[in-house]
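To keep things clear, I will list the structure first and then write my remarks on it.
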Amino acid sequence: MTVAAAPASESSDAGAPPRRHDLTGPAPIRRAKRGLSILGLTPFAFYVLIFLAVPTIIALGTALFDNDGNFTFGNIAALFDPVILNTFFASFWVSALTAVVGAIVGALICYALLGTRADGRLRLMIESASSVLAQFGGVMLAFAFIATIGVQGLVTVWLESTFHFSIYADGVWLYTVPGLILPYIYFQVPLMVITFLPALDGLKPQWAEANATLGGSRLTYWLRIAAPILAPAFFGSLLLLFANAFSAYATAAALISQGSQIVPLQIRAALVSETILGRENMAGALALGMIIVMVVVMTAYSFLQARTTRWQK
């Protein structure tokens, strides 16, 4: 019996490595797919251009020029005026205080939610409520507080008629800068819940098991393992809460109708009046100052978020 010899070409291919097929297709197809991917970013790029780039350019342009088009540093120098510095200081301390309180209370709520099922009804209800309440602000929130604890609010009248206790015995504080603390905390806490809870969910059970295996206590786990891992996420959320309060306008505008005690209200006063502090185009300089603060805060937030995602991978 004779066996037919295989063709030389087939025998030579037997020891060769398998051919790899190009799954991405020819170069024109790859370029077309890349073009479609870039085209998908068009709506976001348009949003960034209209709502971020253009306002920044307008603020810079109006801050560095007067109404006659002459270049000037007068508006920038006015940012160091004691009146303007006081408004920035008021915005800073209100934003920092509400951010710290909101971060602590929100973190405690997130810690309590760790004891519930991820798909449980209680947790889903709290997450849904937090998503809604974090966006509940502006005139609606101001009206809710006026109707509740205003001078003739429901709780105020009830406390006076039942316990003869007046929350405004030392003055009506709701319509001042300290009165912004409660409304701001109202939306800061749910914002902390929806931003910090994913970081807590990212803690791996293996880390707690390894700590217990090596004889560590629950306190040791939270201080030496969980706390260093969660620190970037916590401080990143804290910065986000600060930026959220620092840029808030509608709630403050609805509560404080007289005066311009914080920066957003000072910008409103500069827009509706011809001059402020004897200078024109002061609104652009104030907006530029806010933009600089927000850029610094959000840059630090992006850095901390990058460190957080490294642990979650």
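Chain labels run A, B, ... following the order of the structure tokens; each chain numbers its residues from 1, and ligands are numbered from 1 in the order shown.
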Using only C-alpha atoms, what does the table of region 188-304 of chain A residues within 12 Å of region 142-161 of chain A look like, with each row giving the shortest atom pair and its distance in Å to one decimal, sorted by chain and ascending number, as CSV?
residue,atom,partner,partner_atom,distance
A:Tyr249,CA,A:Ala142,CA,11.2
A:Ala250,CA,A:Ala142,CA,8.5
A:Thr251,CA,A:Ala142,CA,5.5
A:Ala252,CA,A:Ala142,CA,7.9
A:Ala253,CA,A:Ala142,CA,9.0
A:Ala254,CA,A:Ala142,CA,6.1
A:Leu255,CA,A:Ala142,CA,6.1
A:Ile256,CA,A:Ala142,CA,9.8
A:Ser257,CA,A:Ala142,CA,11.7
Could you dump the residues just selected with all heavy atoms as a PDB file, in the first residue's frame?
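The file below, part31.pdb, is the result:
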ATOM      1  N   TYR A 249     -26.767  79.381  43.700  1.00  0.00           N
ATOM      2  CA  TYR A 249     -27.263  80.760  43.573  1.00  0.00           C
ATOM      3  C   TYR A 249     -28.739  80.901  43.881  1.00  0.00           C
ATOM      4  O   TYR A 249     -29.141  81.769  44.665  1.00  0.00           O
ATOM      5  CB  TYR A 249     -26.998  81.287  42.156  1.00  0.00           C
ATOM      6  CG  TYR A 249     -27.776  82.541  41.828  1.00  0.00           C
ATOM      7  CD1 TYR A 249     -27.401  83.768  42.358  1.00  0.00           C
ATOM      8  CD2 TYR A 249     -28.903  82.494  41.000  1.00  0.00           C
ATOM      9  CE1 TYR A 249     -28.124  84.917  42.074  1.00  0.00           C
ATOM     10  CE2 TYR A 249     -29.616  83.638  40.714  1.00  0.00           C
ATOM     11  CZ  TYR A 249     -29.229  84.850  41.244  1.00  0.00           C
ATOM     12  OH  TYR A 249     -29.941  85.984  40.985  1.00  0.00           O
ATOM     13  N   ALA A 250     -29.578  80.043  43.286  1.00  0.00           N
ATOM     14  CA  ALA A 250     -31.022  80.266  43.325  1.00  0.00           C
ATOM     15  C   ALA A 250     -31.572  80.226  44.748  1.00  0.00           C
ATOM     16  O   ALA A 250     -32.417  81.052  45.119  1.00  0.00           O
ATOM     17  CB  ALA A 250     -31.734  79.231  42.453  1.00  0.00           C
ATOM     18  N   THR A 251     -31.112  79.281  45.558  1.00  0.00           N
ATOM     19  CA  THR A 251     -31.616  79.188  46.932  1.00  0.00           C
ATOM     20  C   THR A 251     -31.255  80.442  47.717  1.00  0.00           C
ATOM     21  O   THR A 251     -32.088  80.998  48.441  1.00  0.00           O
ATOM     22  CB  THR A 251     -31.035  77.942  47.626  1.00  0.00           C
ATOM     23  OG1 THR A 251     -31.373  76.776  46.869  1.00  0.00           O
ATOM     24  CG2 THR A 251     -31.597  77.805  49.033  1.00  0.00           C
ATOM     25  N   ALA A 252     -30.005  80.887  47.596  1.00  0.00           N
ATOM     26  CA  ALA A 252     -29.580  82.096  48.302  1.00  0.00           C
ATOM     27  C   ALA A 252     -30.321  83.324  47.794  1.00  0.00           C
ATOM     28  O   ALA A 252     -30.706  84.201  48.569  1.00  0.00           O
ATOM     29  CB  ALA A 252     -28.069  82.278  48.147  1.00  0.00           C
ATOM     30  N   ALA A 253     -30.541  83.399  46.478  1.00  0.00           N
ATOM     31  CA  ALA A 253     -31.236  84.559  45.916  1.00  0.00           C
ATOM     32  C   ALA A 253     -32.680  84.618  46.382  1.00  0.00           C
ATOM     33  O   ALA A 253     -33.235  85.708  46.567  1.00  0.00           O
ATOM     34  CB  ALA A 253     -31.175  84.503  44.392  1.00  0.00           C
ATOM     35  N   ALA A 254     -33.324  83.455  46.578  1.00  0.00           N
ATOM     36  CA  ALA A 254     -34.712  83.445  47.029  1.00  0.00           C
ATOM     37  C   ALA A 254     -34.839  83.771  48.510  1.00  0.00           C
ATOM     38  O   ALA A 254     -35.839  84.360  48.932  1.00  0.00           O
ATOM     39  CB  ALA A 254     -35.338  82.073  46.748  1.00  0.00           C
ATOM     40  N   LEU A 255     -33.824  83.410  49.305  1.00  0.00           N
ATOM     41  CA  LEU A 255     -33.893  83.663  50.747  1.00  0.00           C
ATOM     42  C   LEU A 255     -33.379  85.057  51.106  1.00  0.00           C
ATOM     43  O   LEU A 255     -33.953  85.742  51.941  1.00  0.00           O
ATOM     44  CB  LEU A 255     -33.083  82.601  51.501  1.00  0.00           C
ATOM     45  CG  LEU A 255     -33.712  81.206  51.615  1.00  0.00           C
ATOM     46  CD1 LEU A 255     -32.752  80.241  52.283  1.00  0.00           C
ATOM     47  CD2 LEU A 255     -35.026  81.267  52.383  1.00  0.00           C
ATOM     48  N   ILE A 256     -32.284  85.470  50.483  1.00  0.00           N
ATOM     49  CA  ILE A 256     -31.667  86.756  50.819  1.00  0.00           C
ATOM     50  C   ILE A 256     -32.014  87.750  49.711  1.00  0.00           C
ATOM     51  O   ILE A 256     -31.396  87.765  48.646  1.00  0.00           O
ATOM     52  CB  ILE A 256     -30.136  86.605  50.953  1.00  0.00           C
ATOM     53  CG1 ILE A 256     -29.799  85.536  51.991  1.00  0.00           C
ATOM     54  CG2 ILE A 256     -29.504  87.937  51.341  1.00  0.00           C
ATOM     55  CD1 ILE A 256     -28.305  85.276  52.125  1.00  0.00           C
ATOM     56  N   SER A 257     -33.010  88.541  49.961  1.00  0.00           N
ATOM     57  CA  SER A 257     -33.457  89.507  48.961  1.00  0.00           C
ATOM     58  C   SER A 257     -32.758  90.848  49.111  1.00  0.00           C
ATOM     59  O   SER A 257     -32.758  91.661  48.180  1.00  0.00           O
ATOM     60  CB  SER A 257     -34.972  89.717  49.060  1.00  0.00           C
ATOM     61  OG  SER A 257     -35.327  90.168  50.364  1.00  0.00           O
TER      62      SER A 257
END
**OP:** Tell me, as a list in words, which residues lie within 9 Å of region 74-79 of chain A, counting only C-alpha atoms; anything in the same chain fewer than 5 positions away does not count.
**Re:**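 In the requested form, the answer reads Thr62, Ala63, Leu64, Phe65, Asp66, Ile84, Leu85, Leu277, Arg279, Glu280, Asn281, Met282, Ala283, Gly284, Ala285, Leu286, Leu288 and Gly289 of chain A.
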Write to file, as a PDB file, in the first residue's frame, the residues of the selection just made, with C-alpha atoms.
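And here is the file that came out, part-v4.pdb:
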ATOM      1  CA  THR A  62     -15.245  91.649  30.549  1.00  0.00           C
ATOM      2  CA  ALA A  63     -12.866  91.522  33.511  1.00  0.00           C
ATOM      3  CA  LEU A  64      -9.878  92.841  31.583  1.00  0.00           C
ATOM      4  CA  PHE A  65     -11.641  95.539  29.532  1.00  0.00           C
ATOM      5  CA  ASP A  66     -13.861  98.481  30.350  1.00  0.00           C
ATOM      6  CA  ILE A  84     -15.333  91.772  47.850  1.00  0.00           C
ATOM      7  CA  LEU A  85     -13.021  89.849  50.164  1.00  0.00           C
ATOM      8  CA  LEU A 277     -17.213  99.954  43.880  1.00  0.00           C
ATOM      9  CA  ARG A 279     -15.781 100.204  38.519  1.00  0.00           C
ATOM     10  CA  GLU A 280     -17.460  98.887  35.388  1.00  0.00           C
ATOM     11  CA  ASN A 281     -17.601  95.222  34.314  1.00  0.00           C
ATOM     12  CA  MET A 282     -17.063  94.097  37.904  1.00  0.00           C
ATOM     13  CA  ALA A 283     -19.330  91.087  37.347  1.00  0.00           C
ATOM     14  CA  GLY A 284     -16.767  89.589  34.967  1.00  0.00           C
ATOM     15  CA  ALA A 285     -13.993  89.934  37.541  1.00  0.00           C
ATOM     16  CA  LEU A 286     -16.129  88.288  40.227  1.00  0.00           C
ATOM     17  CA  LEU A 288     -13.378  85.030  36.982  1.00  0.00           C
ATOM     18  CA  GLY A 289     -12.543  84.733  40.671  1.00  0.00           C
TER      19      GLY A 289
END
Subject >> Distance in Å - CA of Gln135 (chain A) versus CA of Ile167 (chain A) >> reply: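 Between CA of Gln135 (chain A) and CA of Ile167 (chain A) the gap works out to 27.7 Å.
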Original post:
Counting only C-alpha atoms, which of A:Gly120, A:Pro190, A:Gly171, A:Pro205 gets nearest to Phe136 (chain A)?
Top reply: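 Between A:Gly120, A:Pro190, A:Gly171, A:Pro205, the residue approaching Phe136 (chain A) most closely is A:Pro190.
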**OP:** Would you mind listing what lies within 6 Å of region 172-189 of chain A as number ranges by chain, with only C-alpha atoms counted and same-chain residues fewer than 3 positions away left out?
**Re:** A: 98, 102, 106, 133-134, 168, 192, 255-256
